[in-house]
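Let me begin by presenting the structure, written as structure tokens, before commenting on it.
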Amino acid sequence: MEEQKKKLFTRANLLKILAFYLAFHLLFAAITAVFSTTFMQLFTVKEIGSADFTFNDLYYRVVEKSNFEKAAHFRREKSVLLINTGSLNKDKFRLELAELLLRLEDYEPKVMAIDHEFSIDSLKTGSPELIEAAAYYGNLIFAFDNTPDSNANFMNLGERGTVLFPKQISIRYYKNSDSTFAHKIAVRVSEKVQTMKRQLDSFPIHYSAYGIGFCDWRDDLNKLYDINFKAIEAIDFIEPDSATRAELKKLIKGKALIIGHLGFGNMYNEFDIEDKFKVPVDPLAMSGRERTMPGPVIHANAVENFLHRDGMFFEINGFWFNFIQQLVYLLYLTFILFGSMNKFIKLFILGTLSILSLFFVIEMMRRGIYITMGTTMLQLLVLEELSEMFQPYYKKLEKYFKSRTKKKINESI
């Protein structure tokens, strides 16, 4: 055993491991760079490649397959309701929104948050009325995109919360800040919501809704009715009959309302992608997703995270996580370069370890622990083939350096 270790950890072998390690990392970095370019200005290759791929997204499919029966996080009653402003008249949008705000007060919501950006334009129809309605209510939260003019008309009429997400393709992370739209809503809903700790800039959202994340409040036949956020068309408040009004008041009283765009004309308008994003709870794709979930729904999910800290993910990351990940990478590289087993057995071992790792990651997510399992495992699966391709080039390189060294020695004699 000692002799085998000595043979393995020779200077030549260590140099070989290091050379292959660097070569593979450079190759994968180059591939990522290529997938990040725009092809013919029509689509971003990165969006249909593995740059957005992570095995963690399988967690939501596993939970969905069990019909959310044992997932209390999904079945918990939501504290947020959504109102689709896409059903309002575009030409009189500000005027109709002002009327909506005044009507909503009678339904006694806990807080109202408007996920819209309004330019400083007093000439637009309904601008004075909207400002007047906001002043009358006096307890609104407005969207803020970190620019000075973002809803500047309402700076003294309520609060502003940032609606910008951390840079990503599919929205898996939310900003870790008290100034976010979702955190400001959560604070209004419950006094128990804590100030955010500042160690990390963002945190992984533990989605509590599936698919597009919402359903019509009257659609109780929807299989996700008890899971997704309830959504109401803005026009339903125009002249509701007494029975509808009573139902809506029962639904809204004491809840947070996020008023935003879910779909033009109606909330189920799948052809309208305004303010829609790719999300990990999309049941139809693991990568190359379509934009399916509206921004207000993502904020609603974040609100539920802030309100129920026991349901938030605790993410394991940082220096030690990356160190262990790279150590595993090096160990497997050593295994395929110098292991005496045949190729089939090596691939079988890696395949088995990959499946076990996947089960482990999903089980940890069930327990509230988030361990990112991205494309590193996919890279390991192709290392065997790549190492065989690199071997001839490495031998030539090794032969070249040996001949140069030998030449220098002869010249010095």
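Labels for the structure tokens follow display order: chains A, B, ..., residues from 1 in each chain, ligands from 1.
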So which bits of stretch 234-376 of chain A end up strand (DSSP E or B) when you DSSP the backbone, as a PyMOL selection string? chain A and resi 256-260+276-278+293-294+314-315+369-370
If you count only C-alpha atoms, which residues fall within 7 Å of A:Val303, apart from same-chain ones fewer than 4 positions away, as a ChimeraX atom specification? /A:182-183,185-186,299,307
Restricting the calculation to only C-alpha atoms, which member of A:Glu105, A:His73, A:Leu356, A:Glu99 is positioned closest to A:Glu129? A:Glu99
Give one line per residue of stretch 284-326 of chain A that approaches stretch 115-120 of chain A to at most 12 Å, naming the two atoms of the closest pair and their distance in Å to one decimal, counting only C-alpha atoms; sort by chain then ascending residue number and deliver it as a tab-separated table.
residue	atom	partner	partner_atom	distance
A:Pro294	CA	A:Asp115	CA	10.6
A:Gly295	CA	A:Asp115	CA	8.2
A:Pro296	CA	A:Asp115	CA	6.6
A:Val297	CA	A:Asp115	CA	10.3
A:Ile298	CA	A:Asp115	CA	11.3
A:His299	CA	A:Asp115	CA	9.2
A:Ala300	CA	A:Asp115	CA	10.9
Write out, as a JSON list (two decimals), in the first residue's frame, the residues just selected, with N, CA, C and O atoms.
[["chain", "number", "residue", "atom", "x", "y", "z"],
["A", 294, "PRO", "N", -45.13, 35.84, -13.32],
["A", 294, "PRO", "CA", -45.07, 37.30, -13.19],
["A", 294, "PRO", "C", -44.26, 37.74, -11.96],
["A", 294, "PRO", "O", -44.24, 37.04, -10.94],
["A", 295, "GLY", "N", -43.64, 38.91, -12.07],
["A", 295, "GLY", "CA", -42.85, 39.45, -10.97],
["A", 295, "GLY", "C", -43.61, 39.54, -9.66],
["A", 295, "GLY", "O", -43.07, 39.19, -8.60],
["A", 296, "PRO", "N", -44.90, 40.02, -9.66],
["A", 296, "PRO", "CA", -45.63, 40.10, -8.40],
["A", 296, "PRO", "C", -45.73, 38.76, -7.67],
["A", 296, "PRO", "O", -45.74, 38.72, -6.43],
["A", 297, "VAL", "N", -45.78, 37.67, -8.43],
["A", 297, "VAL", "CA", -45.90, 36.33, -7.81],
["A", 297, "VAL", "C", -44.58, 35.94, -7.14],
["A", 297, "VAL", "O", -44.56, 35.32, -6.08],
["A", 298, "ILE", "N", -43.45, 36.32, -7.78],
["A", 298, "ILE", "CA", -42.15, 36.03, -7.18],
["A", 298, "ILE", "C", -42.00, 36.82, -5.88],
["A", 298, "ILE", "O", -41.55, 36.28, -4.86],
["A", 299, "HIS", "N", -42.42, 38.08, -5.89],
["A", 299, "HIS", "CA", -42.38, 38.88, -4.66],
["A", 299, "HIS", "C", -43.27, 38.27, -3.58],
["A", 299, "HIS", "O", -42.91, 38.26, -2.40],
["A", 300, "ALA", "N", -44.41, 37.73, -3.99],
["A", 300, "ALA", "CA", -45.32, 37.10, -3.04],
["A", 300, "ALA", "C", -44.66, 35.88, -2.39],
["A", 300, "ALA", "O", -44.80, 35.65, -1.18]]
Could you give me, as an NGL selection string, each residue of stretch 16-212 of chain A that DSSP assigns to helix (DSSP H, G or I) when run on this structure's backbone? :A and (16-35 or 45-48 or 50-52 or 55-65 or 72-75 or 85-87 or 93-107 or 127-137 or 152-154 or 181-189)
Tell me which protein, DNA and RNA residues are within 12 Å of A:Leu104, counting only C-alpha atoms, leaving out same-chain ones fewer than 5 positions away, and put them as a list in words. Ile83, Leu97, Ala98, Glu99, Pro109, Lys110, Val111, Met112, Ala113, Ala133, Ala134, Tyr137, Leu140, Ile232, Ala234, Ile235, Asp236, Phe237, Ile238, Arg245, Leu248, Lys249, Ile252, Lys253, Lys255, Ala256, Leu257, Ile258 and Ile259 of chain A
Please produce a file of those selected residues containing C-alpha atoms, as a PDB file, in the first residue's frame.
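Saved as again_17.pdb:
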ATOM      1  CA  ILE A  83     -54.678  41.726  -8.122  1.00  0.00           C
ATOM      2  CA  LEU A  97     -56.076  52.308 -10.712  1.00  0.00           C
ATOM      3  CA  ALA A  98     -56.902  55.332  -8.543  1.00  0.00           C
ATOM      4  CA  GLU A  99     -60.547  54.236  -8.424  1.00  0.00           C
ATOM      5  CA  PRO A 109     -56.486  44.649   3.570  1.00  0.00           C
ATOM      6  CA  LYS A 110     -53.529  44.650   5.932  1.00  0.00           C
ATOM      7  CA  VAL A 111     -51.364  46.468   3.392  1.00  0.00           C
ATOM      8  CA  MET A 112     -51.443  47.311  -0.310  1.00  0.00           C
ATOM      9  CA  ALA A 113     -48.305  47.199  -2.462  1.00  0.00           C
ATOM     10  CA  ALA A 133     -55.834  58.315  -4.033  1.00  0.00           C
ATOM     11  CA  ALA A 134     -52.368  57.357  -2.766  1.00  0.00           C
ATOM     12  CA  TYR A 137     -54.887  55.836   1.626  1.00  0.00           C
ATOM     13  CA  LEU A 140     -49.079  52.119   0.358  1.00  0.00           C
ATOM     14  CA  ILE A 232     -58.310  38.631  -8.559  1.00  0.00           C
ATOM     15  CA  ALA A 234     -59.013  44.356 -11.053  1.00  0.00           C
ATOM     16  CA  ILE A 235     -62.286  44.738 -12.982  1.00  0.00           C
ATOM     17  CA  ASP A 236     -63.986  42.416 -10.463  1.00  0.00           C
ATOM     18  CA  PHE A 237     -64.025  45.371  -8.080  1.00  0.00           C
ATOM     19  CA  ILE A 238     -65.782  47.784 -10.438  1.00  0.00           C
ATOM     20  CA  ARG A 245     -68.455  41.681  -2.536  1.00  0.00           C
ATOM     21  CA  LEU A 248     -64.042  39.188  -1.662  1.00  0.00           C
ATOM     22  CA  LYS A 249     -64.107  40.942   1.688  1.00  0.00           C
ATOM     23  CA  ILE A 252     -59.037  40.025   1.492  1.00  0.00           C
ATOM     24  CA  LYS A 253     -59.557  41.188   5.078  1.00  0.00           C
ATOM     25  CA  LYS A 255     -54.208  40.025   3.979  1.00  0.00           C
ATOM     26  CA  ALA A 256     -51.493  41.787   1.983  1.00  0.00           C
ATOM     27  CA  LEU A 257     -52.427  42.820  -1.549  1.00  0.00           C
ATOM     28  CA  ILE A 258     -49.837  42.971  -4.316  1.00  0.00           C
ATOM     29  CA  ILE A 259     -51.311  44.972  -7.171  1.00  0.00           C
TER      30      ILE A 259
END
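With distances restricted to only C-alpha atoms, A:Leu337 is the closest residue to A:Ser387 from A:Leu337, A:Ile355, A:Leu88, A:Val187.
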Give me the residues within 12 Å of A:Leu383 as an MDAnalysis selection string, counting only C-alpha atoms and dropping any in the same chain fewer than 6 places off. chainID A and resid 20:21 23:25 27:28 329:330 332:337 343 346:347 350 376:377 389:391
Keeping only N, CA and C atoms, write the selected residues as a PDB file, in the first residue's frame.
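Once written, part_28.pdb looks like this:
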ATOM      1  N   PHE A  20      -4.096  18.471 -16.070  1.00  0.00           N
ATOM      2  CA  PHE A  20      -5.433  18.089 -16.515  1.00  0.00           C
ATOM      3  C   PHE A  20      -6.505  18.923 -15.803  1.00  0.00           C
ATOM      4  N   TYR A  21      -6.289  19.181 -14.520  1.00  0.00           N
ATOM      5  CA  TYR A  21      -7.240  19.981 -13.738  1.00  0.00           C
ATOM      6  C   TYR A  21      -7.381  21.374 -14.340  1.00  0.00           C
ATOM      7  N   ALA A  23      -6.479  22.317 -17.409  1.00  0.00           N
ATOM      8  CA  ALA A  23      -6.965  22.222 -18.789  1.00  0.00           C
ATOM      9  C   ALA A  23      -8.485  22.073 -18.830  1.00  0.00           C
ATOM     10  N   PHE A  24      -9.031  21.209 -17.958  1.00  0.00           N
ATOM     11  CA  PHE A  24     -10.472  20.996 -17.933  1.00  0.00           C
ATOM     12  C   PHE A  24     -11.210  22.258 -17.483  1.00  0.00           C
ATOM     13  N   HIS A  25     -10.662  22.955 -16.477  1.00  0.00           N
ATOM     14  CA  HIS A  25     -11.315  24.171 -16.007  1.00  0.00           C
ATOM     15  C   HIS A  25     -11.296  25.254 -17.077  1.00  0.00           C
ATOM     16  N   LEU A  27     -11.230  24.669 -20.284  1.00  0.00           N
ATOM     17  CA  LEU A  27     -12.159  24.221 -21.322  1.00  0.00           C
ATOM     18  C   LEU A  27     -13.596  24.558 -20.948  1.00  0.00           C
ATOM     19  N   PHE A  28     -13.986  24.224 -19.708  1.00  0.00           N
ATOM     20  CA  PHE A  28     -15.357  24.488 -19.276  1.00  0.00           C
ATOM     21  C   PHE A  28     -15.630  25.994 -19.172  1.00  0.00           C
ATOM     22  N   TYR A 329     -13.438  17.050  -6.997  1.00  0.00           N
ATOM     23  CA  TYR A 329     -13.092  17.126  -8.417  1.00  0.00           C
ATOM     24  C   TYR A 329     -11.686  16.549  -8.641  1.00  0.00           C
ATOM     25  N   LEU A 330     -10.740  16.969  -7.812  1.00  0.00           N
ATOM     26  CA  LEU A 330      -9.354  16.499  -7.925  1.00  0.00           C
ATOM     27  C   LEU A 330      -9.237  15.006  -7.636  1.00  0.00           C
ATOM     28  N   TYR A 332     -11.543  12.688  -8.012  1.00  0.00           N
ATOM     29  CA  TYR A 332     -12.087  11.897  -9.110  1.00  0.00           C
ATOM     30  C   TYR A 332     -11.159  11.941 -10.323  1.00  0.00           C
ATOM     31  N   LEU A 333     -10.556  13.090 -10.568  1.00  0.00           N
ATOM     32  CA  LEU A 333      -9.602  13.209 -11.667  1.00  0.00           C
ATOM     33  C   LEU A 333      -8.421  12.257 -11.461  1.00  0.00           C
ATOM     34  N   THR A 334      -7.947  12.190 -10.238  1.00  0.00           N
ATOM     35  CA  THR A 334      -6.862  11.252  -9.900  1.00  0.00           C
ATOM     36  C   THR A 334      -7.304   9.813 -10.137  1.00  0.00           C
ATOM     37  N   PHE A 335      -8.548   9.544  -9.771  1.00  0.00           N
ATOM     38  CA  PHE A 335      -9.106   8.199  -9.916  1.00  0.00           C
ATOM     39  C   PHE A 335      -9.150   7.758 -11.375  1.00  0.00           C
ATOM     40  N   ILE A 336      -9.619   8.663 -12.269  1.00  0.00           N
ATOM     41  CA  ILE A 336      -9.738   8.253 -13.669  1.00  0.00           C
ATOM     42  C   ILE A 336      -8.380   8.232 -14.383  1.00  0.00           C
ATOM     43  N   LEU A 337      -7.425   9.043 -13.906  1.00  0.00           N
ATOM     44  CA  LEU A 337      -6.113   9.071 -14.557  1.00  0.00           C
ATOM     45  C   LEU A 337      -5.234   7.890 -14.162  1.00  0.00           C
ATOM     46  N   LYS A 343     -12.870   1.205 -17.779  1.00  0.00           N
ATOM     47  CA  LYS A 343     -13.693   2.383 -18.012  1.00  0.00           C
ATOM     48  C   LYS A 343     -15.126   2.185 -17.554  1.00  0.00           C
ATOM     49  N   LYS A 346     -15.462   2.487 -13.787  1.00  0.00           N
ATOM     50  CA  LYS A 346     -15.291   3.880 -13.361  1.00  0.00           C
ATOM     51  C   LYS A 346     -16.571   4.689 -13.581  1.00  0.00           C
ATOM     52  N   LEU A 347     -17.180   4.519 -14.767  1.00  0.00           N
ATOM     53  CA  LEU A 347     -18.407   5.243 -15.067  1.00  0.00           C
ATOM     54  C   LEU A 347     -19.558   4.773 -14.180  1.00  0.00           C
ATOM     55  N   LEU A 350     -19.112   6.429 -10.769  1.00  0.00           N
ATOM     56  CA  LEU A 350     -19.483   7.836 -10.806  1.00  0.00           C
ATOM     57  C   LEU A 350     -20.991   8.003 -10.944  1.00  0.00           C
ATOM     58  N   THR A 376     -21.285  20.809 -12.081  1.00  0.00           N
ATOM     59  CA  THR A 376     -20.032  20.129 -11.733  1.00  0.00           C
ATOM     60  C   THR A 376     -20.156  18.629 -11.925  1.00  0.00           C
ATOM     61  N   MET A 377     -21.304  18.060 -11.502  1.00  0.00           N
ATOM     62  CA  MET A 377     -21.516  16.622 -11.650  1.00  0.00           C
ATOM     63  C   MET A 377     -21.558  16.227 -13.116  1.00  0.00           C
ATOM     64  N   MET A 389      -9.115  11.930 -24.597  1.00  0.00           N
ATOM     65  CA  MET A 389      -8.802  12.837 -25.706  1.00  0.00           C
ATOM     66  C   MET A 389      -7.539  13.642 -25.428  1.00  0.00           C
ATOM     67  N   PHE A 390      -7.341  14.003 -24.147  1.00  0.00           N
ATOM     68  CA  PHE A 390      -6.194  14.838 -23.783  1.00  0.00           C
ATOM     69  C   PHE A 390      -4.889  14.058 -23.667  1.00  0.00           C
ATOM     70  N   GLN A 391      -4.992  12.762 -23.431  1.00  0.00           N
ATOM     71  CA  GLN A 391      -3.789  11.952 -23.164  1.00  0.00           C
ATOM     72  C   GLN A 391      -2.724  12.083 -24.251  1.00  0.00           C
TER      73      GLN A 391
END
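Shortest separation to A:His308 among A:Tyr207, A:Tyr393, A:Phe401, A:Phe144 occurs at residue A:Tyr207, atoms counted being only C-alpha atoms.
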Would you list the contacts of A:Asp310 as a ChimeraX atom specification, taking every protein, DNA or RNA residue within 10 Å and counting only C-alpha atoms, but skipping same-chain residues closer than 4 positions in sequence? /A:73,305-306,314,368
Closest-contact table, stretch 168-278 of chain A side, partner stretch 283-291 of chain A, 9 Å, counting only C-alpha atoms, as CSV:
residue,atom,partner,partner_atom,distance
A:Ser170,CA,A:Arg289,CA,8.0
A:Tyr210,CA,A:Pro283,CA,7.9
A:Gly211,CA,A:Pro283,CA,6.0
A:Ile273,CA,A:Arg291,CA,6.4
A:Asp275,CA,A:Arg291,CA,8.8
A:Lys276,CA,A:Arg291,CA,5.3
A:Phe277,CA,A:Arg291,CA,4.4
A:Lys278,CA,A:Arg291,CA,4.5
Please write the residues from the selection above to a file, keeping N, CA, C and O atoms, as a short mmCIF file (atom, residue, chain, number, x, y, z; two decimals), in the first residue's frame.
data_model
loop_
_atom_site.label_atom_id
_atom_site.label_comp_id
_atom_site.auth_asym_id
_atom_site.auth_seq_id
_atom_site.Cartn_x
_atom_site.Cartn_y
_atom_site.Cartn_z
N SER A 170 -32.86 31.97 -14.39
CA SER A 170 -34.08 31.60 -13.66
C SER A 170 -33.99 32.24 -12.28
O SER A 170 -32.93 32.24 -11.64
N TYR A 210 -46.48 26.73 -7.33
CA TYR A 210 -45.96 25.87 -8.40
C TYR A 210 -46.49 26.34 -9.76
O TYR A 210 -47.56 26.93 -9.86
N GLY A 211 -45.70 26.06 -10.81
CA GLY A 211 -46.09 26.44 -12.16
C GLY A 211 -46.06 27.95 -12.32
O GLY A 211 -45.05 28.59 -12.03
N ILE A 273 -45.81 38.39 -22.06
CA ILE A 273 -44.65 38.07 -21.23
C ILE A 273 -44.11 39.30 -20.49
O ILE A 273 -43.00 39.28 -19.96
N ASP A 275 -43.16 41.61 -17.70
CA ASP A 275 -42.83 41.40 -16.28
C ASP A 275 -42.95 39.94 -15.87
O ASP A 275 -43.35 39.62 -14.75
N LYS A 276 -42.60 39.03 -16.79
CA LYS A 276 -42.60 37.61 -16.46
C LYS A 276 -41.17 37.08 -16.48
O LYS A 276 -40.32 37.57 -17.22
N PHE A 277 -40.93 36.03 -15.69
CA PHE A 277 -39.58 35.53 -15.50
C PHE A 277 -39.55 34.00 -15.54
O PHE A 277 -40.57 33.33 -15.32
N LYS A 278 -38.36 33.49 -15.80
CA LYS A 278 -38.13 32.05 -15.73
C LYS A 278 -37.94 31.67 -14.27
O LYS A 278 -37.26 32.38 -13.53
#
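Among A:Val62, A:Ile114, A:Leu101, A:Val80, the residue with the shortest atom-to-atom distance to A:Gly260, counting only C-alpha atoms, is A:Ile114.
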Which residue, A:Glu247, A:Glu388, A:Asp241, A:Asp91, has the smallest gap to A:Thr125 when you use only C-alpha atoms? A:Asp91
